[in-house]
Structures are given as structure tokens and as C-alpha cells.
>>> print(open('my_file-v9.cif').read())   # mmCIF, C-alpha atoms
data_structure
#
loop_
_atom_site.label_atom_id
_atom_site.label_comp_id
_atom_site.auth_asym_id
_atom_site.auth_seq_id
_atom_site.Cartn_x
_atom_site.Cartn_y
_atom_site.Cartn_z
CA MET A 1 198.73 133.57 -75.39
CA LEU A 2 201.25 136.41 -75.04
CA PRO A 3 202.57 137.80 -78.34
CA ASP A 4 206.10 136.50 -79.07
CA VAL A 5 208.02 139.67 -78.31
CA LEU A 6 206.13 140.32 -75.06
CA LYS A 7 206.72 136.73 -74.00
CA LYS A 8 210.42 137.05 -74.80
CA LEU A 9 210.77 140.28 -72.82
CA SER A 10 208.82 138.77 -69.89
CA GLU A 11 211.16 135.77 -69.84
CA LEU A 12 214.23 137.98 -69.92
CA ILE A 13 212.84 140.09 -67.05
CA SER A 14 211.87 137.05 -64.98
CA PHE A 15 215.51 135.95 -65.11
CA LEU A 16 216.35 138.95 -62.88
CA PRO A 17 216.61 138.21 -59.14
CA TRP A 18 213.55 138.93 -56.90
CA ILE A 19 211.22 139.13 -59.91
CA GLY A 20 208.68 136.36 -60.45
CA GLU A 21 206.94 135.37 -63.63
CA LYS A 22 203.74 137.37 -63.02
CA THR A 23 205.59 140.54 -62.09
CA ALA A 24 207.76 140.08 -65.18
CA VAL A 25 204.69 140.16 -67.45
CA LYS A 26 203.47 143.33 -65.73
CA LEU A 27 206.85 145.01 -66.07
CA ALA A 28 207.05 144.02 -69.74
CA PHE A 29 203.58 145.48 -70.25
CA PHE A 30 204.61 148.66 -68.42
CA LEU A 31 207.63 148.99 -70.73
CA LEU A 32 205.43 148.45 -73.75
CA LYS A 33 203.18 151.34 -72.72
CA ALA A 34 205.94 153.59 -71.41
CA ASN A 35 207.29 156.74 -72.99
CA PRO A 36 209.24 155.62 -76.11
CA SER A 37 212.25 157.81 -75.30
CA TYR A 38 212.48 156.26 -71.83
CA VAL A 39 212.42 152.76 -73.32
CA GLN A 40 215.05 153.62 -75.94
CA LYS A 41 217.30 155.18 -73.29
CA PHE A 42 216.86 152.07 -71.17
CA ALA A 43 217.79 149.80 -74.12
CA ASP A 44 220.83 151.93 -75.02
CA THR A 45 222.12 152.07 -71.44
CA LEU A 46 221.67 148.33 -71.05
CA ARG A 47 223.54 147.69 -74.28
CA ASP A 48 226.51 149.79 -73.15
CA ILE A 49 226.80 149.03 -69.46
CA GLN A 50 229.27 146.18 -69.60
CA ALA A 51 231.57 148.00 -72.00
CA GLN A 52 231.47 151.27 -70.07
CA LEU A 53 232.48 149.99 -66.65
CA HIS A 54 235.53 148.22 -65.31
CA GLU A 55 237.16 147.48 -61.97
CA CYS A 56 238.97 150.25 -60.12
CA SER A 57 242.68 149.43 -60.35
CA THR A 58 243.16 150.19 -56.65
CA CYS A 59 240.15 148.98 -54.67
CA HIS A 60 238.45 146.68 -57.23
CA GLY A 61 235.23 148.65 -56.92
CA LEU A 62 233.67 149.86 -60.17
CA THR A 63 234.43 152.87 -62.28
CA ASP A 64 233.65 154.32 -65.70
CA THR A 65 236.19 153.10 -68.27
CA LYS A 66 237.52 156.65 -68.74
CA TYR A 67 239.16 156.41 -65.27
CA HIS A 68 241.65 153.95 -63.83
CA GLU A 69 240.45 154.56 -60.29
CA CYS A 70 236.94 154.84 -58.87
CA ALA A 71 235.48 158.09 -57.54
CA ILE A 72 236.33 157.18 -53.94
CA CYS A 73 239.96 156.29 -54.64
CA ARG A 74 240.30 159.50 -56.66
CA GLU A 75 238.90 161.64 -53.84
CA SER A 76 241.89 163.40 -52.30
CA LEU A 77 240.21 164.28 -49.01
CA ARG A 78 239.55 160.66 -48.02
CA LYS A 79 241.47 159.31 -45.03
CA THR A 80 243.96 156.88 -46.52
CA GLU A 81 244.80 155.42 -43.12
CA VAL A 82 241.47 153.63 -42.61
CA LEU A 83 240.71 150.78 -45.00
CA CYS A 84 237.34 149.02 -45.05
CA ILE A 85 237.40 145.53 -46.58
CA VAL A 86 234.19 144.23 -48.13
CA GLU A 87 233.08 141.11 -49.97
CA ASP A 88 231.64 142.83 -53.02
CA TYR A 89 230.82 146.15 -54.58
CA LEU A 90 227.23 146.17 -53.32
CA ASP A 91 228.44 146.01 -49.72
CA MET A 92 230.71 148.95 -50.50
CA VAL A 93 227.71 150.86 -51.91
CA ALA A 94 225.62 149.99 -48.80
CA ILE A 95 228.30 151.26 -46.39
CA GLU A 96 229.14 154.33 -48.45
CA ARG A 97 225.48 155.30 -48.46
CA LEU A 98 225.63 155.67 -44.65
CA GLY A 99 228.22 158.41 -44.90
CA ILE A 100 230.05 157.27 -41.75
CA HIS A 101 233.19 155.79 -43.29
CA LYS A 102 235.62 158.49 -44.34
CA GLY A 103 238.40 156.13 -45.38
CA ARG A 104 238.83 153.95 -48.44
CA TYR A 105 237.68 150.48 -49.43
CA HIS A 106 239.04 147.22 -50.73
CA VAL A 107 236.71 144.81 -52.53
CA LEU A 108 237.80 141.17 -52.09
CA ASP A 109 235.34 139.89 -54.68
CA GLY A 110 234.36 136.82 -52.67
CA ILE A 111 235.28 134.92 -49.54
CA ILE A 112 237.62 132.10 -48.62
CA SER A 113 235.45 129.03 -49.03
CA PRO A 114 237.04 125.57 -49.19
CA LEU A 115 233.66 124.10 -50.08
CA SER A 116 233.38 126.27 -53.21
CA GLY A 117 237.07 125.81 -53.91
CA LYS A 118 237.85 129.50 -53.26
CA SER A 119 241.23 130.11 -51.74
CA PRO A 120 242.93 133.44 -50.92
CA LYS A 121 244.59 133.48 -54.35
CA ASP A 122 241.16 133.63 -56.03
CA LEU A 123 240.40 136.87 -54.20
CA ASN A 124 241.94 140.34 -54.49
CA MET A 125 244.21 139.44 -51.60
CA SER A 126 247.66 140.05 -53.07
CA ASP A 127 246.55 143.55 -54.11
CA LEU A 128 245.43 144.05 -50.52
CA MET A 129 248.86 143.03 -49.25
CA ASN A 130 250.52 145.44 -51.68
CA ARG A 131 248.28 148.27 -50.53
CA VAL A 132 249.00 147.57 -46.88
CA SER A 133 252.74 147.48 -47.59
CA SER A 134 252.85 150.65 -49.64
CA GLU A 135 250.23 152.84 -47.90
CA TRP A 136 250.29 154.04 -44.32
CA ILE A 137 247.32 152.23 -42.78
CA GLN A 138 246.26 152.49 -39.14
CA GLU A 139 243.00 150.58 -39.14
CA ILE A 140 241.55 147.80 -41.25
CA ILE A 141 237.77 147.37 -40.85
CA LEU A 142 236.52 143.91 -41.78
CA ALA A 143 232.98 144.72 -42.92
CA PHE A 144 231.84 141.20 -43.60
CA ASN A 145 228.52 139.42 -43.32
CA PRO A 146 228.57 137.53 -40.02
CA ASN A 147 228.74 133.86 -40.99
CA ILE A 148 231.15 130.95 -40.78
CA GLU A 149 232.90 131.54 -44.07
CA TRP A 150 233.51 135.17 -43.21
CA GLU A 151 234.92 134.05 -39.89
CA ALA A 152 237.58 132.09 -41.80
CA THR A 153 238.34 135.03 -44.09
CA SER A 154 238.54 137.42 -41.11
CA LEU A 155 240.94 135.11 -39.25
CA TYR A 156 243.07 134.79 -42.37
CA ILE A 157 243.39 138.57 -42.76
CA GLU A 158 244.04 139.10 -39.05
CA GLU A 159 246.82 136.50 -39.24
CA LEU A 160 248.22 138.06 -42.41
CA PHE A 161 248.79 141.45 -40.81
CA SER A 162 249.41 140.32 -37.23
CA GLY A 163 253.07 141.43 -37.31
CA LYS A 164 252.17 144.98 -38.30
CA ASP A 165 251.09 147.88 -36.15
CA ILE A 166 247.56 147.93 -37.59
CA LYS A 167 244.34 147.82 -35.62
CA ILE A 168 242.03 145.26 -37.19
CA THR A 169 238.36 145.69 -36.30
CA ARG A 170 235.14 143.86 -37.16
CA LEU A 171 231.59 145.17 -37.36
CA SER A 172 229.82 144.68 -34.03
CA ARG A 173 227.30 141.90 -33.64
CA TRP A 174 224.56 144.50 -33.92
CA LEU A 175 224.25 143.07 -37.38
CA PRO A 176 221.85 140.15 -36.90
CA ASN A 177 223.54 136.76 -37.26
CA ALA A 178 221.80 135.79 -40.45
CA GLY A 179 221.97 139.33 -41.79
CA PHE A 180 223.69 140.62 -44.85
CA ILE A 181 225.22 144.03 -45.19
CA GLU A 182 223.43 144.81 -48.43
CA TYR A 183 220.03 144.05 -46.87
CA ALA A 184 220.59 145.66 -43.46
CA ASP A 185 218.68 148.80 -42.56
CA GLU A 186 220.71 151.96 -42.07
CA ILE A 187 220.39 152.18 -38.28
CA THR A 188 221.57 148.58 -37.79
CA LEU A 189 224.46 149.10 -40.13
CA ILE A 190 225.52 152.40 -38.55
CA SER A 191 225.41 150.75 -35.09
CA ALA A 192 227.46 147.81 -36.36
CA PHE A 193 229.98 150.16 -37.89
CA ARG A 194 230.28 152.44 -34.84
CA GLY A 195 230.44 149.49 -32.46
CA ARG A 196 233.24 147.77 -34.30
CA GLY A 197 236.14 146.35 -32.34
CA MET B 1 229.55 157.46 -55.64
CA LEU B 2 228.12 155.16 -58.35
CA PRO B 3 229.83 155.39 -61.74
CA ASP B 4 227.76 157.42 -64.23
CA VAL B 5 226.46 154.57 -66.37
CA LEU B 6 225.54 152.42 -63.35
CA LYS B 7 223.74 155.39 -61.79
CA LYS B 8 221.89 156.03 -65.05
CA LEU B 9 220.80 152.39 -65.36
CA SER B 10 219.75 152.31 -61.68
CA GLU B 11 217.63 155.42 -62.18
CA LEU B 12 216.00 153.96 -65.28
CA ILE B 13 215.25 150.71 -63.41
CA SER B 14 213.89 152.52 -60.34
CA PHE B 15 211.34 154.20 -62.61
CA LEU B 16 209.70 150.79 -63.05
CA PRO B 17 206.73 150.07 -60.77
CA TRP B 18 207.30 148.04 -57.56
CA ILE B 19 211.05 148.61 -57.70
CA GLY B 20 212.67 150.87 -55.14
CA GLU B 21 215.96 152.71 -55.36
CA LYS B 22 218.03 150.11 -53.47
CA THR B 23 216.67 147.18 -55.46
CA ALA B 24 217.32 149.14 -58.64
CA VAL B 25 221.02 149.42 -57.79
CA LYS B 26 221.18 145.68 -57.12
CA LEU B 27 219.44 144.85 -60.39
CA ALA B 28 221.76 147.19 -62.30
CA PHE B 29 224.71 145.46 -60.65
CA PHE B 30 223.26 142.06 -61.53
CA LEU B 31 222.94 143.14 -65.17
CA LEU B 32 226.49 144.41 -65.15
CA LYS B 33 227.78 141.02 -64.04
CA ALA B 34 225.36 138.95 -66.11
CA ASN B 35 226.13 136.90 -69.21
CA PRO B 36 226.85 139.45 -72.01
CA SER B 37 224.64 137.67 -74.54
CA TYR B 38 221.71 137.80 -72.09
CA VAL B 39 222.22 141.53 -71.58
CA GLN B 40 222.46 142.20 -75.32
CA LYS B 41 219.31 140.16 -76.00
CA PHE B 42 217.56 142.12 -73.25
CA ALA B 43 218.65 145.44 -74.77
CA ASP B 44 217.61 144.38 -78.30
CA THR B 45 214.19 143.12 -77.20
CA LEU B 46 213.58 146.29 -75.22
CA ARG B 47 214.54 148.42 -78.21
CA ASP B 48 212.08 146.60 -80.48
CA ILE B 49 209.10 145.93 -78.23
CA GLN B 50 207.06 149.02 -79.01
CA ALA B 51 207.52 148.66 -82.77
CA GLN B 52 206.76 144.94 -82.81
CA LEU B 53 203.40 145.01 -81.05
CA HIS B 54 200.09 146.66 -81.77
CA GLU B 55 196.46 146.37 -80.73
CA CYS B 56 194.35 143.51 -81.98
CA SER B 57 191.88 144.99 -84.47
CA THR B 58 189.01 143.00 -82.91
CA CYS B 59 189.42 142.82 -79.14
CA HIS B 60 192.05 145.58 -78.55
CA GLY B 61 194.35 143.09 -76.83
CA LEU B 62 197.92 142.92 -78.07
CA THR B 63 199.41 141.11 -81.00
CA ASP B 64 202.64 140.92 -82.99
CA THR B 65 202.56 143.45 -85.84
CA LYS B 66 202.55 140.66 -88.43
CA TYR B 67 198.93 139.86 -87.48
CA HIS B 68 195.79 142.01 -87.47
CA GLU B 69 194.18 139.91 -84.77
CA CYS B 70 195.59 138.48 -81.55
CA ALA B 71 196.15 134.76 -80.97
CA ILE B 72 192.84 134.41 -79.10
CA CYS B 73 190.72 136.13 -81.76
CA ARG B 74 192.47 134.02 -84.43
CA GLU B 75 191.74 130.77 -82.56
CA SER B 76 188.88 129.13 -84.48
CA LEU B 77 187.79 126.79 -81.67
CA ARG B 78 186.95 129.60 -79.24
CA LYS B 79 183.31 130.06 -78.33
CA THR B 80 182.29 133.26 -80.05
CA GLU B 81 179.04 133.48 -78.09
CA VAL B 82 180.66 134.33 -74.73
CA LEU B 83 182.42 137.69 -74.51
CA CYS B 84 184.45 138.70 -71.49
CA ILE B 85 184.95 142.45 -71.09
CA VAL B 86 188.03 143.64 -69.22
CA GLU B 87 189.60 146.96 -68.33
CA ASP B 88 193.04 146.28 -69.75
CA TYR B 89 195.24 143.69 -71.36
CA LEU B 90 196.78 142.57 -68.04
CA ASP B 91 193.34 141.59 -66.74
CA MET B 92 192.84 139.60 -69.94
CA VAL B 93 196.19 137.85 -69.35
CA ALA B 94 195.25 137.11 -65.72
CA ILE B 95 191.92 135.54 -66.68
CA GLU B 96 193.31 133.67 -69.67
CA ARG B 97 195.97 132.12 -67.42
CA LEU B 98 193.19 130.41 -65.43
CA GLY B 99 192.06 128.47 -68.48
CA ILE B 100 188.38 128.64 -67.50
CA HIS B 101 187.10 131.14 -70.06
CA LYS B 102 186.64 129.49 -73.45
CA GLY B 103 185.12 132.53 -75.13
CA ARG B 104 186.66 135.74 -76.42
CA TYR B 105 187.59 139.06 -74.86
CA HIS B 106 187.08 142.75 -75.35
CA VAL B 107 189.56 145.20 -73.83
CA LEU B 108 187.92 148.53 -72.96
CA ASP B 109 191.24 150.25 -72.25
CA GLY B 110 189.97 152.12 -69.19
CA ILE B 111 186.80 152.84 -67.29
CA ILE B 112 184.10 155.48 -67.34
CA SER B 113 185.37 158.06 -64.89
CA PRO B 114 183.83 161.54 -64.77
CA LEU B 115 186.55 162.63 -62.33
CA SER B 116 189.32 161.78 -64.79
CA GLY B 117 187.22 163.11 -67.67
CA LYS B 118 186.85 159.65 -69.25
CA SER B 119 183.56 159.11 -70.99
CA PRO B 120 182.35 156.07 -72.99
CA LYS B 121 183.69 157.60 -76.22
CA ASP B 122 187.25 157.50 -74.82
CA LEU B 123 186.98 153.73 -74.42
CA ASN B 124 186.70 150.93 -77.02
CA MET B 125 182.94 151.08 -76.58
CA SER B 126 181.75 151.69 -80.14
CA ASP B 127 183.80 148.69 -81.29
CA LEU B 128 182.09 146.70 -78.56
CA MET B 129 178.68 147.77 -79.88
CA ASN B 130 179.70 146.77 -83.41
CA ARG B 131 180.84 143.37 -82.21
CA VAL B 132 177.63 142.78 -80.29
CA SER B 133 175.57 143.78 -83.37
CA SER B 134 177.48 141.66 -85.86
CA GLU B 135 178.37 138.57 -83.78
CA TRP B 136 175.95 136.16 -82.17
CA ILE B 137 176.57 136.71 -78.46
CA GLN B 138 174.73 134.90 -75.66
CA GLU B 139 176.64 136.08 -72.61
CA ILE B 140 178.70 139.13 -71.77
CA ILE B 141 180.89 138.70 -68.68
CA LEU B 142 181.85 141.99 -67.01
CA ALA B 143 185.21 141.04 -65.47
CA PHE B 144 185.91 144.29 -63.71
CA ASN B 145 187.67 145.23 -60.51
CA PRO B 146 184.97 145.73 -57.88
CA ASN B 147 184.95 149.46 -57.17
CA ILE B 148 182.71 152.46 -57.66
CA GLU B 149 183.99 153.45 -61.08
CA TRP B 150 183.53 149.95 -62.39
CA GLU B 151 180.02 149.98 -61.00
CA ALA B 152 179.27 152.93 -63.28
CA THR B 153 180.85 151.25 -66.29
CA SER B 154 178.97 148.00 -65.61
CA LEU B 155 175.65 149.84 -65.33
CA TYR B 156 176.40 151.69 -68.56
CA ILE B 157 177.06 148.45 -70.46
CA GLU B 158 174.03 146.69 -68.92
CA GLU B 159 171.88 149.61 -70.03
CA LEU B 160 173.43 149.63 -73.50
CA PHE B 161 172.45 146.04 -74.24
CA SER B 162 169.27 145.84 -72.15
CA GLY B 163 167.02 145.51 -75.21
CA LYS B 164 168.93 142.50 -76.52
CA ASP B 165 168.58 138.86 -75.57
CA ILE B 166 172.02 138.73 -73.94
CA LYS B 167 172.76 137.50 -70.42
CA ILE B 168 175.04 140.02 -68.74
CA THR B 169 176.97 138.64 -65.76
CA ARG B 170 179.47 140.06 -63.27
CA LEU B 171 182.25 138.34 -61.36
CA SER B 172 181.01 137.23 -57.95
CA ARG B 173 182.00 139.15 -54.84
CA TRP B 174 184.50 136.41 -54.04
CA LEU B 175 186.94 138.96 -55.34
CA PRO B 176 187.76 141.02 -52.25
CA ASN B 177 186.33 144.52 -52.32
CA ALA B 178 189.65 146.28 -52.59
CA GLY B 179 191.04 143.61 -54.90
CA PHE B 180 192.23 143.87 -58.42
CA ILE B 181 191.96 141.14 -61.01
CA GLU B 182 195.61 141.30 -61.94
CA TYR B 183 196.69 140.83 -58.31
CA ALA B 184 194.15 138.18 -57.30
CA ASP B 185 195.33 134.64 -56.62
CA GLU B 186 194.10 131.95 -58.99
CA ILE B 187 191.65 130.27 -56.60
CA THR B 188 189.93 133.57 -55.78
CA LEU B 189 189.70 134.50 -59.42
CA ILE B 190 188.39 131.09 -60.50
CA SER B 191 185.73 131.28 -57.75
CA ALA B 192 184.78 134.80 -58.83
CA PHE B 193 184.54 133.67 -62.43
CA ARG B 194 182.53 130.52 -61.72
CA GLY B 195 180.23 132.32 -59.29
CA ARG B 196 179.37 135.10 -61.73
CA GLY B 197 175.77 136.17 -62.06
#
>>> encode(input="my_file-v9.cif", output="C-alpha cells")
Amino acid sequence: MLPDVLKKLSELISFLPWIGEKTAVKLAFFLLKANPSYVQKFADTLRDIQAQLHECSTCHGLTDTKYHECAICRESLRKTEVLCIVEDYLDMVAIERLGIHKGRYHVLDGIISPLSGKSPKDLNMSDLMNRVSSEWIQEIILAFNPNIEWEATSLYIEELFSGKDIKITRLSRWLPNAGFIEYADEITLISAFRGRG
Amino acid sequence: MLPDVLKKLSELISFLPWIGEKTAVKLAFFLLKANPSYVQKFADTLRDIQAQLHECSTCHGLTDTKYHECAICRESLRKTEVLCIVEDYLDMVAIERLGIHKGRYHVLDGIISPLSGKSPKDLNMSDLMNRVSSEWIQEIILAFNPNIEWEATSLYIEELFSGKDIKITRLSRWLPNAGFIEYADEITLISAFRGRG
């Protein structure tokens, strides 16, 4: 019974994660009734987002296409000697929001997972090795979600840099076993970060 | 720390109801990584939605601009003698989804609310009176959310048509007191509809 265009928008919205079919109809209806300039701005931003962002050439986070490096890598006051390794950009955003990590990041863009056919060469691992060789790094923080596959990735990285004088730490088990960094509350995440070892 | 365009999209998304700031960032990130043709279709549909829909000239529901009347009003097999009055289009969608109302609808587009300065003339009330005068109507179902303001609107409509030979019914109290039609589960809503009186 929905008019074609409202049905189409609802279907597009319901394709988003965490949004069911009923909520999608309500959101589509909200957009229909919303301020026209808001809706046009939304449409324009959506149209441009993929063209206006690319990966940071250093950490593989995200940055506007006018820069090679992201805002964090460009920040001169950051401690270069502490490197926090994360699975994806959203984990980087979650940790950065806490304001407790003053160093830089490296986004692996996945995990070592034999089952999914992901090996170290499918990740940003060689760039990590280059960074560790060329920069003076004292500590590498493995800020991974605590599960079996991350265990394998952590062991791999620890092995990789075992000959070097670098302290490699993991988030403490304050992070619940089934937890994910991007869903953790701030206090849990701060505790996990402070209690790393 | 978010790149400008990702921050802008996150802010636009977080303006939507039921979506918090953190979820907005995740949705923006999802859209960034999504299939480009999906994102472009989303942007195009969003850009066009307000221009491609308008109110049904009969029931004040919504319809594609190529039609005067909505799909329900155009449907010739609908019972014209049962009219279901709702506050807004989403309530109409919620009831229509149940498949138990075979009649037509009338969308008031609000409620009588002295506190918000809304009187009957601000609603689609005169159109309702015209419909009731010109069509042969046996039953009017007041499918309103059960609260004080709806009580006033219901009384107003009951008074309005008291001289006519029309049965005016309300949804049963199966609908929880604080409930809203658009949030009710199907079983509750079907019970409320069937138990009207």
C-alpha cells in the first residue's frame, strides 16, 4: 500500500544494519516530512561520501581526499613512539573518543582468519612492518576484540617483532570475553586500556 | 577526529529519530563502505522523495504525484461504508498492515489540542464532514492512541455526527494506556480493532 517512492526509500533504509522494516518505514516518513534543506543536504552528502574519503597513507584510517594523511597522523604533538593496532576504523574511533591514547594508530583492516581465507598478506601488515622499521617505536598496543581469531593475530604480531626492543601489550581482560571494542562502554574500555600488559 | 564529510554525514544521520550519535557514526561508516550503486540509489531517492509524493485528495494519506488519490482510495473493491479515522499516515500504515480493515481511511493530520493551539479547523475535519455527507457511511472507527487529547478529539467527532445514523466505534482498551498505534504489536492491535465498540 505504500506509494512507490516511499516503499523504495524504506527498502533502502532497511538494508542498513540495526534497522528493521518497520523502523525503516518510520524513518522514510520522517524524511518525507522533514525540512527540505535538511533532506537535500543529506542526499548531497550521501552522494559524495565515497568520492570524498580515502585511506590515510600511513595508518589506513580515513581522511578527506584533500590530504594524504589523516588528522591524527598529521598531528605533530602525538607521541610517535606508542602505536595502537586496531582491526578497523570504527575501533580507532571508539578508542580515540576516550582521549586516553596519545600515540598513533595502525588499522589492519581485518584479522588473520584461516577459515575466511585471510592471511597476513591480506591485511595492512607489510605497511606495519615498514612503520616499525622506520619509526622509533617503544610500545605496540594490540587493541583487539578478545576472541580466538584475534588471539592468532596477536601471536603473529608478537612473533613478528619479538627480536626488537618493543614492548607489546594487549588490552586487559576487563573487556568482557564476548565484547567488541566498538560496542564497549567508555569505562570498560578505559579500564581495558589502562590495564593493558 | 572524523574527516569532515564523515562527520557531516554522521551529524545528518544522528538527527533522525531513534538514532544516537554512536550509531550514526557506524551507519555513516557502513554507507562509506557499501556498494556504490546502493549509495547512489539511496542519495537519488532521498533527493526526490519530497517532490514525488503528495497527499491523497480524498483521505489525506500519501500517494505518488502521478495520482490524485492513494492506492487504497483508488481500490474499487474496498468497502466504502466503513471509515477508519487515524491521526497520521503511519497509523494508517500500521492498521493496513494487519489486513483486517476492509474499508477506507481518513487521516486527520493531528489531534485537537488546546495546549498546542490546534483546533478542529487545523485538522482535515471539514473534508471529513464532506465525505460523511456525500458518501454512504455505516461505521466510523476512531483508531486513535488512547490518551486525553484523543479523548477530546473522539468526543468532538462523536458529537459532530450524533444526528446521523452512523455507528461510531473506538478501538478497545486492549491497546495499553500509554501505547501508540504505530508501536503496538500486531496481536494487540488486531485485538483492539476486533474488540472495538
>>> resolve_selection(input="my_file-v9.cif", expression="the PyMOL selection byres ((chain A and resi 96) around 12)", output="PyMOL selection string")
(chain A and resi 61+71-72+84+86+89-95+97-105+143+181-182+186+189-190+193) or (chain B and resi 1-2)
>>> interface_residues(input="my_file-v9.cif", of="chain A", to="chain B", cutoff="8 Å", atoms="all atoms listed in the file", output="VMD selection string")
chain A and resid 1 to 6 8 to 9 12 16 to 17 26 to 27 29 to 33 36 38 to 40 42 to 47 49 to 50 52 to 53 62 to 64 70 to 72 90 93 96
>>> closest_residue(input="my_file-v9.cif", among="A:Asp185, A:Ser134, A:Arg196, A:Asp127", to="Lys167 of chain A", atoms="only C-alpha atoms")
A:Arg196
>>> atom_distance(input="my_file-v9.cif", atom1="atom CA of Met129 of chain B", atom2="atom CA of Val82 of chain B")
14.5 Å
>>> resolve_selection(input="my_file-v9.cif", expression="the PyMOL selection byres ((chain B and resi 168) around 9)", output="PyMOL selection string")
chain B and resi 138-142+157-158+161-162+166-167+169-170+197
>>> resolve_selection(input="my_file-v9.cif", expression="the PyMOL selection byres ((chain B and resi 145-154) around 6)", output="PyMOL selection string")
chain B and resi 112+144+155-157+177+180-181
>>> write_last_selection(input="my_file-v9.cif", atoms="C-alpha atoms", output="PDB file, in the frame of the given file")
ATOM      1  CA  ILE B 112     184.100 155.480 -67.340  1.00  0.00           C
ATOM      2  CA  PHE B 144     185.910 144.290 -63.710  1.00  0.00           C
ATOM      3  CA  LEU B 155     175.650 149.840 -65.330  1.00  0.00           C
ATOM      4  CA  TYR B 156     176.400 151.690 -68.560  1.00  0.00           C
ATOM      5  CA  ILE B 157     177.060 148.450 -70.460  1.00  0.00           C
ATOM      6  CA  ASN B 177     186.330 144.520 -52.320  1.00  0.00           C
ATOM      7  CA  PHE B 180     192.230 143.870 -58.420  1.00  0.00           C
ATOM      8  CA  ILE B 181     191.960 141.140 -61.010  1.00  0.00           C
TER       9      ILE B 181
END
